[in-house]
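Written out below as structure tokens is the structure these notes cover.
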Amino acid sequence: MRAIDLAEQVPTVHKETTGAEAARIVAEFRLNGLVVADDSGVPIAVIPGSQLLSVVLPQYVRDDPHLAHAYDEQAADDLCAKLTTVTIGDLIDAKRLTPAQLPRVEPDATVVEIVSAMSELHYPLIVVADQARFHGVVTMSRVLAAIAQAAGQDSDLIRRRLDKDIIDRGRSGYLSEAGGDTARGAGEDAR
Amino acid sequence: MTLAAWLAVAVFASAYILIATEKLNRAAVALGGAAAMVAIGATRGHAMFFSEETGIDWNVIFLLFGMMIIVGILKETGVFEFLAIWSAQRAQARPFRMMVMLILITAVASALLDNVTTVLLVAPVTLLLCDRMALPPVPFLLAEAMASNIGGTATLIGDPPNIIIASRAGLSFNDFVVNLAPIVVVLLAVFIGLAWLLWGRRLAHDPERSSAVMALTPRETITNAALLRRMSLILALVLLGFVTHAVTHIEPSVIALLGAGAAILVSRLEPDTYLEDVEWETLLFFAGLFVMVGSLVHQGVIEQLARSVTSLIDGNYHVAAQGILVGSAVLSGIVDNIPYVATMSPLVHGLVGPAAGLPPEEASLWWALALGADLGGNATAIGASANVVVCGIAKRNGHPISFWEFTKYGLIVTAVTILCTVPYVTLRYF
């Protein structure tokens with residue numbers, strides 16, 4: 001299987017998307033990372049899910065993890081509520097999110113090349129693009145599904161994982177009501 | 001002076017400028033300067049490594065190293081966070097009362113540990129408290145940086161310049177407590193008054209916001225109560241070791257290393273955890289600095305300078321002490337007080353010799369150097385390492401403190417504290 005076969009459409013966010021909206025999208029689509037796109041829908045950065053989690057924490061709690069224990073329930077809720085007032089762009093500007101250079105593979109990249117790029121960069125998502133256009137994103141779960149199938153561990157769920165893009169599964173399933181304006185497919189605009 | 005001596009002065013001056021302007025990493029500059037001293041023949045291996053006067057002062061390096069490990073392990077218990085939040089709650093989360101409590105905690109912890117580590121631990125809690133109370137954190141952070149420099153002045157281990165002075169002058173922990181702690185208590189009271197005038201009177205109290213601080217759960221921050229009990233015992237024994245130096249004659253560096261060893265044994269932490277808190281860059285900076293200053297001593301530059309200053313003083317130690325006090329305060333604001341004291345200590349040593357057995361008026365030069373350099377560190381954002389650390393934390397958390405904002409308050413605090421110290425030196429030693 002090549003990268004072009006594994007590429008799928010995933011919801012994207014923009015610099016104007018608030019932290020709370022980004023959290024909702026990640027939760028709704030069970031993503032392990034977020035693709036940030038520009039106004040024309042072209043991916044410009046990928047943010048691993050672990051970084052998004054740490055955004056909830058103020059810098060001083062990240063500096064001193066003992067402080068996390070001092071929060072009561074109300075204080076913890078207040079912290080989460082603050083995510084409605086900051087955007088992904090704010091977080092990137094404040095260096096609280098540090099998306100690396102867009103992790104990318106060519107459409108004809110093999111599974112080994114994809115796995116190699118993902119492990120080298122420690123990113124759970126990788127963009128599939130050539131000079132002309134973006135084809136979508138390979139997620140860690142889809143590449144593992146391909147590996148499992150190749151290793152003889154096939155099943156209905158594995159096939160479903162390989163056949164249906166994240167964004168389609170979200171739209172057709174229980175997430176249909178929650179798609180929202182901010183969730184758009186990576187590469188959709190470029191196609 | 002010989003050609004090597006002139007070259008040594010040139011290397012030293014160039015390195016000093018680079019350190020003061022902070023254009024390059026200070027450890028790299030100090031080590032580069034040390035290498036240049038070797039290259040020009042101003043020092044040699046034996047003088048660098050095996051002489052306290054002309055080389056690396058291992059007592060200073062290992063005292064710092066030992067204390068860094070002890071504090072690094074103590075930090076794992078969460079006790080500093082507990083103390084800060086508990087004190088804010090004791091102050092009923094009223095802004096100025098909270099500031100006073102944080103000033104006192106910072107000053108006492110700085111005297112017993114070291115001021116850089118103290119602000120590293122207190123500043124994040126302060127940001128949490130201010131966040132909960134919707135208060136501007138900058139006044140609190142500035143007050144803590146300055147309190148750490150004032151509190152650290154009281155003891156041998158409180159401020160790195162004191163460690164250097166103690167080693168060069170042969171002064172004990174008790175000497176520092178007896179000579180400096182009384183004036184530091186006075187200065188802290190004065191500083192609290194200044195804090196009210198500079199910041200406290202403008203801090204608004206919102207009872208609803210205060211309840212958010214009262215709801216915090218400080219006990220939860222203590223994540224390892226058993227380790228805290230063991231570490232409290234070790235810290236008490238280390239302090240006892242410092243205090244009983246006159247009886248045991250065990251060097252402070254050895255006591256700190258023994259304490260660090262005991263702390264490692266009882267904590268059973270992985271080396272990565274406690275070595276993470278060792279500031280290798282600072283230790284390398286000290287080593288390079290000692291080699292550079294030692295080269296000047298080795299080449300007789302300091303001795304010649306001391307002779308010139310001695311003839312200038314002409315036995316008037318009162319003027320000399322006040323001159324060193326005020327001059328050190330001014331210069332420590334311009335350059336980091338660590339390289340300043342590393343340079344001045346051999347000079348004072350050349351003027352009056354080791355402190356042991358000196359009459360009070362001559363010993364006053366050592367105390368004037370300590371007071372001037374430690375308190376002068378408050379003058380600017382780069383005057384002391386604690387200031388640099390606090391400004392860094394503030395910036396990372398979205399509350400940048402500009403050089404001039406720090407200096408605006410720092411100059412007032414330094415001027416007032418030095419003005420209070422001038423009569424103390426006169427009354428105490430003359």
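By convention in this document, the chains of the structure tokens carry letters A, B, ... by their order, each chain's residues are numbered from 1, and ligands are numbered from 1 in the order they are shown.
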Give me the residues within 8 Å of Val137 of chain A as a list in words, counting only C-alpha atoms and dropping any in the same chain fewer than 6 places off. Leu6, Ala7, Glu8, Gln9, Val10, Leu125, Ile126, Val127, Val128 and Ala186 of chain A
Up to 10 Å from chain B, what residues of chain A turn up? Count only C-alpha atoms and give them as a short mmCIF file (atom, residue, chain, number, x, y, z; two decimals) with C-alpha atoms, in the first residue's frame.
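Contents of part_31.cif, freshly written:
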data_model
loop_
_atom_site.label_atom_id
_atom_site.label_comp_id
_atom_site.auth_asym_id
_atom_site.auth_seq_id
_atom_site.Cartn_x
_atom_site.Cartn_y
_atom_site.Cartn_z
CA PRO A 58 -0.88 27.20 32.45
CA GLN A 59 2.87 27.48 31.92
CA TYR A 60 3.48 27.77 35.65
CA VAL A 61 1.85 24.39 36.28
CA ARG A 62 3.97 22.88 33.54
CA ASP A 63 7.02 24.43 35.23
CA ASP A 64 5.94 23.04 38.60
CA PRO A 65 3.69 19.96 38.27
CA HIS A 66 3.12 19.87 42.06
CA LEU A 67 0.77 22.82 41.62
CA ALA A 68 -1.68 20.63 39.69
CA HIS A 69 -2.57 18.99 43.00
CA ALA A 70 -3.61 22.31 44.55
CA TYR A 71 -6.56 22.86 42.21
CA ASP A 72 -10.03 22.18 43.54
CA GLU A 73 -12.81 21.20 41.14
CA GLN A 74 -14.01 24.75 40.57
CA ALA A 75 -10.46 25.98 39.86
CA ASP A 78 -12.18 27.65 35.47
CA LEU A 79 -8.93 26.63 33.78
CA ALA A 94 2.72 32.34 22.63
CA LYS A 95 4.77 29.19 21.86
CA ARG A 96 2.41 27.09 23.96
#
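In this structure, atom CA of Ser14 of chain B sits 29.3 Å away from atom CA of Thr153 of chain B.
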Near Gln131 of chain A, counting only C-alpha atoms, which residues have an atom at most 12 Å away, once you skip same-chain residues fewer than 5 positions from it, shown as number ranges by chain? A: 104-107
Write out as a list in words the residues lying within 9 Å of Gly89 of chain A, counting only C-alpha atoms and excluding same-chain residues fewer than 6 positions away. His14, Lys15, Glu16, Thr17, Thr18 and Leu97 of chain A
For the residues in that selection, give me all heavy atoms as an mmCIF file, in the first residue's frame.
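For reference, out.cif as written:
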data_model
loop_
_atom_site.group_PDB
_atom_site.id
_atom_site.type_symbol
_atom_site.label_atom_id
_atom_site.label_comp_id
_atom_site.auth_asym_id
_atom_site.auth_seq_id
_atom_site.Cartn_x
_atom_site.Cartn_y
_atom_site.Cartn_z
ATOM 1 N N HIS A 14 -8.403 26.075 12.086
ATOM 2 C CA HIS A 14 -7.707 27.249 11.555
ATOM 3 C C HIS A 14 -7.111 28.019 12.705
ATOM 4 O O HIS A 14 -7.410 27.736 13.865
ATOM 5 C CB HIS A 14 -8.690 28.107 10.766
ATOM 6 C CG HIS A 14 -9.241 27.376 9.591
ATOM 7 N ND1 HIS A 14 -8.688 27.449 8.358
ATOM 8 C CD2 HIS A 14 -10.269 26.491 9.505
ATOM 9 C CE1 HIS A 14 -9.363 26.658 7.534
ATOM 10 N NE2 HIS A 14 -10.325 26.063 8.209
ATOM 11 N N LYS A 15 -6.290 28.980 12.402
ATOM 12 C CA LYS A 15 -5.664 29.760 13.467
ATOM 13 C C LYS A 15 -6.702 30.475 14.322
ATOM 14 O O LYS A 15 -6.450 30.801 15.477
ATOM 15 C CB LYS A 15 -4.670 30.767 12.876
ATOM 16 C CG LYS A 15 -3.349 30.108 12.483
ATOM 17 C CD LYS A 15 -2.285 31.140 12.214
ATOM 18 C CE LYS A 15 -0.901 30.506 12.238
ATOM 19 N NZ LYS A 15 0.156 31.482 12.025
ATOM 20 N N GLU A 16 -7.873 30.721 13.727
ATOM 21 C CA GLU A 16 -8.914 31.448 14.471
ATOM 22 C C GLU A 16 -9.747 30.512 15.348
ATOM 23 O O GLU A 16 -10.542 30.970 16.161
ATOM 24 C CB GLU A 16 -9.857 32.188 13.497
ATOM 25 C CG GLU A 16 -9.194 33.279 12.675
ATOM 26 C CD GLU A 16 -8.309 32.725 11.566
ATOM 27 O OE1 GLU A 16 -8.580 31.601 11.071
ATOM 28 O OE2 GLU A 16 -7.321 33.413 11.206
ATOM 29 N N THR A 17 -9.589 29.221 15.181
ATOM 30 C CA THR A 17 -10.362 28.262 15.977
ATOM 31 C C THR A 17 -9.967 28.402 17.445
ATOM 32 O O THR A 17 -8.787 28.495 17.762
ATOM 33 C CB THR A 17 -10.044 26.817 15.509
ATOM 34 O OG1 THR A 17 -10.252 26.747 14.108
ATOM 35 C CG2 THR A 17 -10.928 25.809 16.219
ATOM 36 N N THR A 18 -10.953 28.414 18.347
ATOM 37 C CA THR A 18 -10.599 28.550 19.770
ATOM 38 C C THR A 18 -10.074 27.210 20.303
ATOM 39 O O THR A 18 -10.331 26.147 19.713
ATOM 40 C CB THR A 18 -11.816 28.968 20.623
ATOM 41 O OG1 THR A 18 -12.764 27.896 20.611
ATOM 42 C CG2 THR A 18 -12.444 30.246 20.120
ATOM 43 N N LEU A 97 1.884 26.132 21.811
ATOM 44 C CA LEU A 97 1.813 25.045 20.832
ATOM 45 C C LEU A 97 2.990 25.257 19.897
ATOM 46 O O LEU A 97 3.220 26.372 19.436
ATOM 47 C CB LEU A 97 0.510 25.113 20.039
ATOM 48 C CG LEU A 97 -0.777 24.728 20.755
ATOM 49 C CD1 LEU A 97 -1.961 24.931 19.825
ATOM 50 C CD2 LEU A 97 -0.730 23.291 21.231
#
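What separates atom CA of Leu305 of chain B from atom CA of Leu7 of chain B is a distance of 15.8 Å.
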Within 8 Å of segment 136-152 of chain B, counting only C-alpha atoms, which residues show up once you throw out same-chain ones fewer than 6 positions away? Write them as an MDAnalysis selection string, please. chainID B and resid 99 102:104 106:112 114:116 118:119 123 126:127 130 158:159 184 187:188 191 195 199 374:375 377:378 384 386:387 390 394 399 401 406 410
Could you give me, as an NGL selection string, each residue of segment 46-104 of chain A that DSSP assigns to strand (DSSP E or B) when run on this structure's backbone? :A and (46-48 or 87 or 104)
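With only C-alpha atoms as the atoms that count, the minimum distance from Val13 of chain A to the choices A:Tyr123, A:Asn32, A:Ser50, A:Thr87 is reached by A:Thr87.
You can rank A:Gly49, A:Ala23, A:Asp90, A:Ala3 by their closest distance to Val115 of chain A using only C-alpha atoms, and at the top of that list sits A:Ala3.
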